[in-house]
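These notes concern the structure reproduced below.
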Amino acid sequence: MRSLFMLLCLISVGAHAEAGSSVAATEWGLPRLMQSLVRVQSSQGKFVERKHLAVLDVPLTYSGTLSFRAPDHLEKRTLEPKEESLVLDQGVLTIENKARNLKRTLVVQQYPAVWAFVESIRSTLAGDLPTLERFYKVELKGNESKWHLKLLPLDQRTRDMVREIVITGSTNRVTKIEMTESNGDQSTMTVTGTVQ
Amino acid sequence: MNRRKHAAVFLWLAFVAACAVIIARSQFTADMSAFMPRNPTPTQKIMVEQLRDGVVSRLILVGVDGAPAPVLAQLSKNMAATLRNSAELVAVSNGEQVGMEQDFQLLWRNRYLLSDAVTPQRFTAQGLRESLSGYLDLFGTPMSGMAQRVLPNDPSGELIHMLEQLEGQSHPVMQDDVWFSRDGTRAMLLAHTKGAGNDIDAQERATLAIQGAFDAARKALPDAASAQVRMTGPGVFSVQSRASIRDDAWRLSLIATLLVASMLLMLYRSPRVLALGLFPVATGALAGVAAVSLGFGSVHGITLGFGVTLIGEGVDYAIYLFTQIEQNGTPQSTLRRIWPTLRLGVLTSICGFSAMLFSGFTGLAQLGLFSIAGLIGAVSTTRWVLPHLLPAGFSVHASSRFSSALMALVRRAPQARNALLAVMAVAAVLLVLQRNSLWNDSLSSMSPVSKESLALDEQLRRDMGAPDVRYMVVLNGSDQDGVLQQSEAIAVILRKLVRQGLLEGFDEPPLPSRVTQQVRQAALPDAATAQANLNQALHGMPFRNSIFAPFARDIAAAKQQPLLDRAALQGSNLGLKLDSFLVQRDGRWSLMLPLRGVKDAQGIEQAIRHASDLSFVLLDMKQESEQMFRDYRHEAAKNALLGAFAIVALLFVSLRSARRVLEVSLPLLAAVVVVTALLVLSGHTLSIFHLIGLLLVVAVGSNYALFFDHRCSSPQDRERTVTSLLFANAATVLGFGLLAFSQSPVLNAIGSTVATGAVLSLIFSAILIVRNDG
């Protein structure tokens with residue numbers, strides 16, 4: 001029964017697989033980038049997220065704080081327009097909306113698409129390449145001071161929802177997460193002021 | 001003489017044939033009703049029905065472990081694929097999303113009838129505005145994608161509401177698309193058998209199907225050689241215990257028979273006599289089964305099992321006869337000598353067992369009748385048939401050195417009298433001190449299941465997040481919709497009690513009653529109003545208004561749609577879930593609401609009674625079953641005590657001497673007390689099976705005591721008597737002592753009690769009964 005959430009995602013089909021070439025860097029490359037990310041034990045920052053959704057006339061803008069503690073604790077606290085917190089801890093995602101007195105808890109492993117989405121961020125921050133590659137075809141472009149990590153979902157159910165995720169960063173910091181959904185909807189999360 | 005011989009043998013054969021005919025037409029049952037009082041309370045009846053074929057009784061939990069997680073997941077998938085086509089199972093779940101599309105479609109298409117959030121208020125501009133703003137919140141979460149998809153049809157959020165409710169229930173962990181234990185070492189499957197829980201053959205076929213599917217899946221996977229499958233569940237328990245009792249009984253009785261037979265063969269030196277020795281007990285068993293079948297209409301498996309045990313005394317009859325034939329004597333002359341004692345021994349046992357006849361429990365009453373008919377059959381065969389079939393001039397020669405050593409021991413035995421009385425007093429004090437913790441009335445003590453199996457059951461249930469159901473609210477009605485309505489009324493009260501903290505939660509049937517569906521349908525606005533309210537709600541919200549066209553259309557359709565019934569859910573997981581709540585029997589419907597995390601059962605019962613005048617039963621499976629077994633055991637103990645009084649009365653009438661009655665009863669009492677104390681000291685808690693064992697100790701031991709009491713005409717006669725007692729005792733100890741090695745708690749309890757008790761009664765009789773012959 002718990003999989004019904006995901007079944008909803010089966011309603012629409014239409015996935016695009018994009019081909020890309022992996023970057024073969026002798027010096028700086030995916031292994032080096034991941035190593036540098038592994039060394040980050042914790043990080044905090046502010047985010048601004050803009051979503052262009054087909055069902056909405058105007059884009060939605062959310063802002064708040066992000067924090068990460070290696071290897072598996074991730075918090076996204078939305079302050080505007082409404083307070084809402086998303087906490088991922090050891091694979092359990094808790095969504096709390098104080099204004100609506102709502103608290104949802106889900107074990108992300110039970111929702112492949114949600115899991116994949118959550119891992120795109122967590123695994124990148126944790127420098128966990130094996131997990132990342134379990135869900136995505138990973139392509140790295142750019143250089144150490146400005147890199148783009150392009151994630152293409154491997155699983156059909158995830159591809160039904162997400163076309164691609166591009167994570168942009170500089171050295172061992174993530175600065176932007178862009179997601180294109182399969183219906184063309186786009187969201188961009190800009191992360192600033194990361195303190196280590 | 002010759003004519004009488006033929007007449008006796010002919011009558012006996014006719015009797016055996018008649019018994020065989022009756023038995024062939026008998027009905028045998030193996031369910032819990034043996035433990036049922038003859039006039040059960042409604043609660044007891046419901047409980048036994050649940051244990052017999054309730055949905056819980058049809059559940060098999062399967063764990064696959066011993067290999068890396070991806071291998072286990074593949075095994076689980078392959079097994080489930082095979083088992084979904086098995087004729088023995090109605091459903092197999094392993095977490096895969098098989099058949100979920102159908103459930104989703106059901107919920108989606110019927111969301112306005114199925115969602116309990118549907119009220120008129122929900123479809124006003126205000127109500128829709130609230131749900132729409134909930135959607136906006138969802139867009140900021142990872143669930144954004146699916147929220148966008150359902151929004152145009154379902155702006156009031158019924159589907160999300162229902163999914164959240166389902167989400168609230170506990171589930172096992174998912175890994176590689178299938179259920180796993182929390183630590184990730186075991187893949188979990190859940191199977192519902194087609195056959196009822198008490199249909200052990202069907203349960204056995206189901207477990208074999210699961211084992212077969214596992215074996216096939218393991219063979220097909222290269223890395224799965226080390227994988228193992230484990231199963232648990234009420235049906236699996238029944239299958240295991242039947243198999244273990246059958247295996248142990250076969251193996252141990254084969255060994256015991258070989259041992260006893262070789263002992264007797266050395267003694268008799270004639271295979272023919274050896275075979276004759278089995279006639280009394282075999283005749284007795286046939287007579288017992290036939291009598292129960294005639295008297296009760298059907299025979300319980302439990303009666304068969306323990307009845308044959310109880311007439312184990314019958315084996316001794318032949319030994320008494322054969323070993324006491326003096327040289328140059330005839331069976332007839334021997335019988336003339338020992339018959340009065342043998343007859344009194346049989347009567348004593350019959351007295352002891354007859355109290356059970358009047359028990360309020362079918363199982364005990366059947367056991368009583370079985371034993372009485374069986375012992376009469378056995379002793380009659382010994383008395384009137386065996387003498388005619390024995391080879392002429394048969395007699396037993398025990399080695400004289402052995403006999404004289406034995407007699408020397410017997411002569412010295414009375415010296416231990418005071419020591420024995422002291423031991424008995426100590427044992428009695430111990431039992432009095434321990435009286436409150438002597439008995440174990442839990443269902444598990446009755447179930448012949450090993451501790452390992454129970455531990456595995458607990459482990460798998462924890463892994464599955466499927467705790468054993470202990471409490472349930474049971475409702476009755478004349479039709480299905482009626483009980484559904486009742487359950488809705490009760491659910492309202494229970495929800496309040498959940499908020500008050502009296503329980504953690506409860507499960508509800510996934511189908512609302514027709515009345516509730518009609519109320520929900522009536523709560524829906526017409527299409528135009530729905531559209532107008534939505535337009536008003538959308539005002540000032542960021543949604544693209546043009547996407548909501550499907551909403552008014554769906555609402556209009558829902559107002560017209562036919563109401564859902566059980567048939568509409570058939571074939572889906574929701575239908576299966578609904579069936580697990582409902583039981584139809586004799587044109588009546590029952591509905592069970594299982595309660596979780598009950599903190600205050602009494603408080604719940606009172607609160608429901610206070611808030612509603614519906615008749616219901618709050619069933620506590622644990623307490624109810626323990627109470628029933630406690631009653632059962634109390635009654636058995638009471639009957640045993642009554643039987644003891646009857647025995648004493650009989651002895652008074654026959655022996656006509658208070659001293660002799662005391663002498664004959666004291667060894668038996670001592671044996672019972674000391675055996676019980678030994679069992680307690682070795683860490684056993686006593687069950688009904690020990691009580692059956694003690695009854696047999698008294699039955700067998702009374703023969704020993706009476707033969708010791710029996711006045712012999714010569715020292716040779718005394719020697720033969722004592723020797724025959726020793727051989728009878730050796731046969732009993734060999735037979736029952738081996739049962740003590742059984743893994744099955746039932747066989748173990750009876751075996752250890754009887755073997756120890758038989759030895760002690762013989763020794764105690766020798767010590768306490770001094771008879772001067774002459």
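Naming works like this for the structure tokens: A, B, ... for the chains as they're shown, residue 1 at the start of each chain, ligands 1 onward in shown order.
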
Contact residues (chain B, partner chain A, 10 Å, only C-alpha atoms) as a VMD selection string: chain B and resid 95 to 101 103 to 105 107 to 108 130 133 to 134 136 to 152 159 to 160 163 to 164 166 to 179 541 to 548 573 to 574

Export C-alpha atoms of the chosen residues as a PDB file, in the first residue's frame?
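Generated output (out.pdb):
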ATOM      1  CA  GLY B  95       6.516  -5.475  -0.822  1.00  0.00           C
ATOM      2  CA  GLU B  96       6.619  -5.555  -4.605  1.00  0.00           C
ATOM      3  CA  GLN B  97       4.126  -3.295  -6.251  1.00  0.00           C
ATOM      4  CA  VAL B  98       2.173  -6.126  -7.781  1.00  0.00           C
ATOM      5  CA  GLY B  99      -1.532  -5.508  -8.036  1.00  0.00           C
ATOM      6  CA  MET B 100      -1.091  -2.050  -6.543  1.00  0.00           C
ATOM      7  CA  GLU B 101      -2.282  -0.397  -9.762  1.00  0.00           C
ATOM      8  CA  ASP B 103      -5.804  -0.621  -5.571  1.00  0.00           C
ATOM      9  CA  PHE B 104      -4.751   2.774  -6.757  1.00  0.00           C
ATOM     10  CA  GLN B 105      -7.376   2.772  -9.477  1.00  0.00           C
ATOM     11  CA  LEU B 107      -9.103   4.539  -4.563  1.00  0.00           C
ATOM     12  CA  TRP B 108      -8.774   7.061  -7.350  1.00  0.00           C
ATOM     13  CA  GLU B 130      -7.578  25.186   2.577  1.00  0.00           C
ATOM     14  CA  SER B 133      -3.006  25.823   0.080  1.00  0.00           C
ATOM     15  CA  GLY B 134      -2.058  22.345   1.310  1.00  0.00           C
ATOM     16  CA  LEU B 136       1.131  24.600  -2.423  1.00  0.00           C
ATOM     17  CA  ASP B 137       2.956  23.290   0.641  1.00  0.00           C
ATOM     18  CA  LEU B 138       3.388  19.911  -0.996  1.00  0.00           C
ATOM     19  CA  PHE B 139       4.974  21.558  -4.051  1.00  0.00           C
ATOM     20  CA  GLY B 140       7.884  22.494  -1.835  1.00  0.00           C
ATOM     21  CA  THR B 141       8.538  18.849  -0.868  1.00  0.00           C
ATOM     22  CA  PRO B 142       9.817  15.819  -2.753  1.00  0.00           C
ATOM     23  CA  MET B 143       6.157  14.835  -3.228  1.00  0.00           C
ATOM     24  CA  SER B 144       5.665  17.790  -5.537  1.00  0.00           C
ATOM     25  CA  GLY B 145       5.509  15.698  -8.697  1.00  0.00           C
ATOM     26  CA  MET B 146       2.647  13.492  -7.664  1.00  0.00           C
ATOM     27  CA  ALA B 147       0.737  16.370  -6.060  1.00  0.00           C
ATOM     28  CA  GLN B 148       0.788  18.235  -9.375  1.00  0.00           C
ATOM     29  CA  ARG B 149      -0.575  15.216 -11.191  1.00  0.00           C
ATOM     30  CA  VAL B 150      -3.660  14.717  -9.041  1.00  0.00           C
ATOM     31  CA  LEU B 151      -4.424  18.397  -8.476  1.00  0.00           C
ATOM     32  CA  PRO B 152      -6.640  19.078 -11.553  1.00  0.00           C
ATOM     33  CA  LEU B 159      -6.532  10.867  -2.621  1.00  0.00           C
ATOM     34  CA  ILE B 160      -3.681  12.429  -0.675  1.00  0.00           C
ATOM     35  CA  LEU B 163      -2.838   7.778   1.158  1.00  0.00           C
ATOM     36  CA  GLU B 164      -1.746   9.580   4.290  1.00  0.00           C
ATOM     37  CA  LEU B 166      -2.672   4.267   4.743  1.00  0.00           C
ATOM     38  CA  GLU B 167       0.823   5.623   5.276  1.00  0.00           C
ATOM     39  CA  GLY B 168       0.112   5.828   9.001  1.00  0.00           C
ATOM     40  CA  GLN B 169       0.076   2.060   9.291  1.00  0.00           C
ATOM     41  CA  SER B 170       3.256   0.251  10.175  1.00  0.00           C
ATOM     42  CA  HIS B 171       5.222  -1.399   7.439  1.00  0.00           C
ATOM     43  CA  PRO B 172       8.381  -3.370   7.111  1.00  0.00           C
ATOM     44  CA  VAL B 173      11.452  -1.733   5.632  1.00  0.00           C
ATOM     45  CA  MET B 174      11.936  -1.785   1.861  1.00  0.00           C
ATOM     46  CA  GLN B 175      15.217  -2.695   0.251  1.00  0.00           C
ATOM     47  CA  ASP B 176      15.739  -3.538  -3.402  1.00  0.00           C
ATOM     48  CA  ASP B 177      11.976  -3.220  -3.943  1.00  0.00           C
ATOM     49  CA  VAL B 178      10.983  -5.866  -1.382  1.00  0.00           C
ATOM     50  CA  TRP B 179      10.324  -6.058   2.335  1.00  0.00           C
ATOM     51  CA  MET B 541      -4.078  31.915  -5.499  1.00  0.00           C
ATOM     52  CA  PRO B 542      -1.232  31.240  -7.926  1.00  0.00           C
ATOM     53  CA  PHE B 543      -2.913  28.272  -9.647  1.00  0.00           C
ATOM     54  CA  ARG B 544      -3.541  28.242 -13.385  1.00  0.00           C
ATOM     55  CA  ASN B 545      -7.339  28.173 -13.427  1.00  0.00           C
ATOM     56  CA  SER B 546      -7.653  26.451 -16.790  1.00  0.00           C
ATOM     57  CA  ILE B 547      -6.297  23.128 -15.487  1.00  0.00           C
ATOM     58  CA  PHE B 548      -9.259  22.385 -13.199  1.00  0.00           C
ATOM     59  CA  ASN B 573      -5.516  -5.945  -1.999  1.00  0.00           C
ATOM     60  CA  LEU B 574      -8.256  -3.778  -0.538  1.00  0.00           C
TER      61      LEU B 574
END

Atom pair CA of Leu681 in chain B / CA of Leu433 in chain B: separation (Å):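 About the pair CA of Leu681 in chain B and CA of Leu433 in chain B: they are 12.2 Å apart.
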
All strand (DSSP E) positions in range 481-715 of chain B, as an NGL selection string: :B and (505-506 or 582-585 or 588-596 or 616-620)

Alpha helix (DSSP H) residues, from DSSP on the backbone, in range 10-185 of chain A, as a ChimeraX atom specification: /A:30-38,112-126,129-135,156-159

Who sits within 10 Å of range 659-668 of chain B, only C-alpha atoms, same chain under 2 positions skipped, as a PyMOL selection string: chain B and resi 420-421+424+644+647-657+670-674+694+697-709+757-758+760-771

Who sits within 7 Å of Asp72 in chain A, only C-alpha atoms, same chain under 5 positions skipped, as a count of residues only: 3

Surrounding residues of Val138 in chain A excluding itself and chain neighbours under 3 positions, 7 Å, only C-alpha atoms, as a PyMOL selection string: chain A and resi 133+149-152

Just-selected residues, C-alpha atoms written as a compact mmCIF listing (two decimals), in the first residue's frame:
# COMPACT_ATOMS: atom_id res chain seq x y z
CA GLU A 133 25.79 5.96 -9.26
CA LEU A 149 27.44 17.47 -11.90
CA LYS A 150 24.73 16.22 -14.25
CA LEU A 151 22.60 13.40 -12.83
CA LEU A 152 20.42 11.32 -15.16

Atom pair CA of Val229 in chain B / CA of Val55 in chain B: separation (Å):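 Here the two named atoms are 22.8 Å from each other.
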
Test item: residues at most 7 Å from Leu739 in chain B, only C-alpha atoms, excluding those fewer than 5 positions along its chain, as a CSV table (one decimal) with all heavy atoms, in the first residue's frame:
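Here's the written file selection-v5.csv:
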chain,number,residue,atom,x,y,z
B,252,LEU,N,10.4,-43.0,18.3
B,252,LEU,CA,10.6,-43.5,19.7
B,252,LEU,C,9.8,-44.7,20.0
B,252,LEU,O,10.3,-45.6,20.6
B,252,LEU,CB,10.2,-42.3,20.6
B,252,LEU,CG,11.1,-41.1,20.5
B,252,LEU,CD1,10.6,-40.0,21.4
B,252,LEU,CD2,12.5,-41.5,20.9
B,747,LEU,N,4.9,-34.9,24.3
B,747,LEU,CA,5.4,-36.2,24.5
B,747,LEU,C,6.4,-36.2,25.6
B,747,LEU,O,6.4,-37.1,26.5
B,747,LEU,CB,6.1,-36.7,23.2
B,747,LEU,CG,5.1,-36.9,22.0
B,747,LEU,CD1,5.9,-37.3,20.8
B,747,LEU,CD2,4.0,-37.8,22.3
B,748,ASN,N,7.2,-35.2,25.7
B,748,ASN,CA,8.2,-35.1,26.7
B,748,ASN,C,7.5,-35.1,28.1
B,748,ASN,O,7.9,-35.8,29.0
B,748,ASN,CB,9.0,-33.8,26.5
B,748,ASN,CG,10.1,-33.6,27.5
B,748,ASN,OD1,9.8,-33.6,28.7
B,748,ASN,ND2,11.3,-33.5,27.0
B,751,GLY,N,6.0,-38.5,28.8
B,751,GLY,CA,7.0,-39.5,28.9
B,751,GLY,C,7.7,-39.4,30.3
B,751,GLY,O,7.8,-40.4,31.0
